[in-house]
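Have a look at query.pdb below; it lists PDB, C-alpha atoms, pLDDT in the B column.
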ATOM      1  CA  MET A  39     -18.969 101.693 -71.326  1.00 91.00           C
ATOM      2  CA  PRO A  40     -20.063  98.191 -72.381  1.00 95.00           C
ATOM      3  CA  PRO A  41     -17.302  96.072 -73.969  1.00 97.00           C
ATOM      4  CA  CYS A  42     -18.926  96.039 -77.421  1.00 94.00           C
ATOM      5  CA  GLU A  43     -19.229  99.829 -77.438  1.00 94.00           C
ATOM      6  CA  ALA A  44     -15.657 100.207 -76.167  1.00 96.00           C
ATOM      7  CA  ALA A  45     -14.385  97.963 -78.964  1.00 96.00           C
ATOM      8  CA  ARG A  46     -16.307  99.969 -81.573  1.00 95.00           C
ATOM      9  CA  TYR A  47     -14.885 103.225 -80.184  1.00 97.00           C
ATOM     10  CA  ALA A  48     -11.331 101.837 -80.098  1.00 97.00           C
ATOM     11  CA  ASN A  49     -11.602 100.603 -83.680  1.00 96.00           C
ATOM     12  CA  ALA A  50     -12.866 103.998 -84.817  1.00 96.00           C
ATOM     13  CA  ALA A  51      -9.995 105.770 -83.056  1.00 96.00           C
ATOM     14  CA  ALA A  52      -7.511 103.364 -84.642  1.00 95.00           C
ATOM     15  CA  ALA A  53      -9.034 103.892 -88.091  1.00 94.00           C
ATOM     16  CA  ILE A  54      -8.564 107.636 -87.747  1.00 95.00           C
ATOM     17  CA  SER A  55      -5.077 107.275 -86.281  1.00 94.00           C
ATOM     18  CA  VAL A  56      -3.648 105.220 -89.151  1.00 92.00           C
ATOM     19  CA  THR A  57      -4.554 107.947 -91.638  1.00 90.00           C
ATOM     20  CA  ARG A  58      -2.167 110.375 -89.918  1.00 88.00           C
ATOM     21  CA  HIS A  59       1.585 110.824 -89.765  1.00 84.00           C
ATOM     22  CA  GLY A  60       3.691 110.963 -86.664  1.00 77.00           C
ATOM     23  CA  GLY A  61       3.658 109.617 -83.160  1.00 69.00           C
ATOM     24  CA  SER A  62       0.936 111.830 -81.738  1.00 72.00           C
ATOM     25  CA  SER A  63      -1.771 110.815 -84.156  1.00 82.00           C
ATOM     26  CA  ALA A  64      -4.444 109.836 -81.645  1.00 91.00           C
ATOM     27  CA  PRO A  65      -7.770 111.506 -82.451  1.00 95.00           C
ATOM     28  CA  THR A  66      -9.713 113.553 -79.952  1.00 95.00           C
ATOM     29  CA  ASP A  67     -12.930 112.227 -78.453  1.00 97.00           C
ATOM     30  CA  ALA A  68     -14.904 114.681 -80.585  1.00 98.00           C
ATOM     31  CA  GLU A  69     -13.208 113.450 -83.771  1.00 97.00           C
ATOM     32  CA  THR A  70     -13.923 109.838 -82.858  1.00 97.00           C
ATOM     33  CA  GLN A  71     -17.560 110.549 -82.009  1.00 97.00           C
ATOM     34  CA  GLU A  72     -18.004 112.418 -85.309  1.00 97.00           C
ATOM     35  CA  PHE A  73     -16.439 109.515 -87.227  1.00 96.00           C
ATOM     36  CA  LEU A  74     -18.804 107.052 -85.541  1.00 96.00           C
ATOM     37  CA  ALA A  75     -21.827 109.255 -86.238  1.00 96.00           C
ATOM     38  CA  ARG A  76     -20.921 109.491 -89.927  1.00 94.00           C
ATOM     39  CA  ARG A  77     -20.514 105.708 -90.132  1.00 92.00           C
ATOM     40  CA  VAL A  78     -23.945 105.172 -88.576  1.00 90.00           C
ATOM     41  CA  GLN A  79     -25.522 107.589 -91.053  1.00 91.00           C
ATOM     42  CA  ALA A  80     -23.770 105.841 -93.953  1.00 90.00           C
ATOM     43  CA  ALA A  81     -25.003 102.442 -92.766  1.00 89.00           C
ATOM     44  CA  ILE A  82     -28.580 103.729 -92.510  1.00 89.00           C
ATOM     45  CA  ALA A  83     -28.371 105.148 -96.034  1.00 89.00           C
ATOM     46  CA  GLN A  84     -27.061 101.811 -97.346  1.00 90.00           C
ATOM     47  CA  ASP A  85     -29.889  99.934 -95.644  1.00 88.00           C
ATOM     48  CA  ARG A  86     -32.487 102.260 -97.147  1.00 89.00           C
ATOM     49  CA  GLU A  87     -30.950 101.919-100.605  1.00 88.00           C
ATOM     50  CA  ARG A  88     -30.865  98.143-100.280  1.00 88.00           C
ATOM     51  CA  GLU A  89     -34.523  98.060 -99.185  1.00 88.00           C
ATOM     52  CA  ALA A  90     -35.548 100.286-102.092  1.00 89.00           C
ATOM     53  CA  THR A  91     -34.011  97.920-104.638  1.00 86.00           C
ATOM     54  CA  THR A  92     -35.578  94.727-103.290  1.00 77.00           C
TER
END

Could you write out this file's structure as structure tokens?
Amino acid sequence: MPPCEAARYANAAAAISVTRHGGSSAPTDAETQEFLARRVQAAIAQDREREATT
């Protein structure tokens, strides 16, 4: 995995982890991938909205 992609994945996993209680709060790979996919979709929607208003 390229360093930039690894950093993005690690940040996503950390973002999920801090929303949970306890010591075993690490998300699964599937949870992290789903989180990243939702963030990409949200960014695309924001870009489209921004383009529509300019």

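Picture a line from CA of Pro65 (chain A) to CA of Ala81 (chain A); it runs 22.0 Å.
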
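Reported to one decimal place, the separation of CA of Ala51 (chain A) from CA of Phe73 (chain A) is 8.5 Å.
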
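Each of A:Gly60, A:Ser55, A:Arg46, A:Thr91 was checked against Ala75 (chain A) using all atoms listed in the file; the smallest atom-to-atom distance is that of A:Arg46.
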
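Of the listed residues (A:Ala53, A:Met39, A:Ala64, A:Ala45), A:Ala53 comes nearest to Arg77 (chain A); the distances count only C-alpha atoms.
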
Computed gap from CA of Cys42 (chain A) to CA of Leu74 (chain A) is 13.7 Å

Please enumerate the residues selected by the PyMOL selection byres ((chain A and resi 66) around 12) when evaluated against the supplied file, formatted as a compact mmCIF listing (two decimals) with C-alpha atoms, keeping the file's coordinate frame.
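Printed below is selection17.txt as written:
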# COMPACT_ATOMS: atom_id res chain seq x y z
CA TYR A 47 -14.88 103.22 -80.18
CA ALA A 48 -11.33 101.84 -80.10
CA ALA A 50 -12.87 104.00 -84.82
CA ALA A 51 -9.99 105.77 -83.06
CA ALA A 52 -7.51 103.36 -84.64
CA ILE A 54 -8.56 107.64 -87.75
CA SER A 55 -5.08 107.28 -86.28
CA SER A 62 0.94 111.83 -81.74
CA SER A 63 -1.77 110.82 -84.16
CA ALA A 64 -4.44 109.84 -81.64
CA PRO A 65 -7.77 111.51 -82.45
CA ASP A 67 -12.93 112.23 -78.45
CA ALA A 68 -14.90 114.68 -80.58
CA GLU A 69 -13.21 113.45 -83.77
CA THR A 70 -13.92 109.84 -82.86
CA GLN A 71 -17.56 110.55 -82.01
CA GLU A 72 -18.00 112.42 -85.31
CA PHE A 73 -16.44 109.52 -87.23
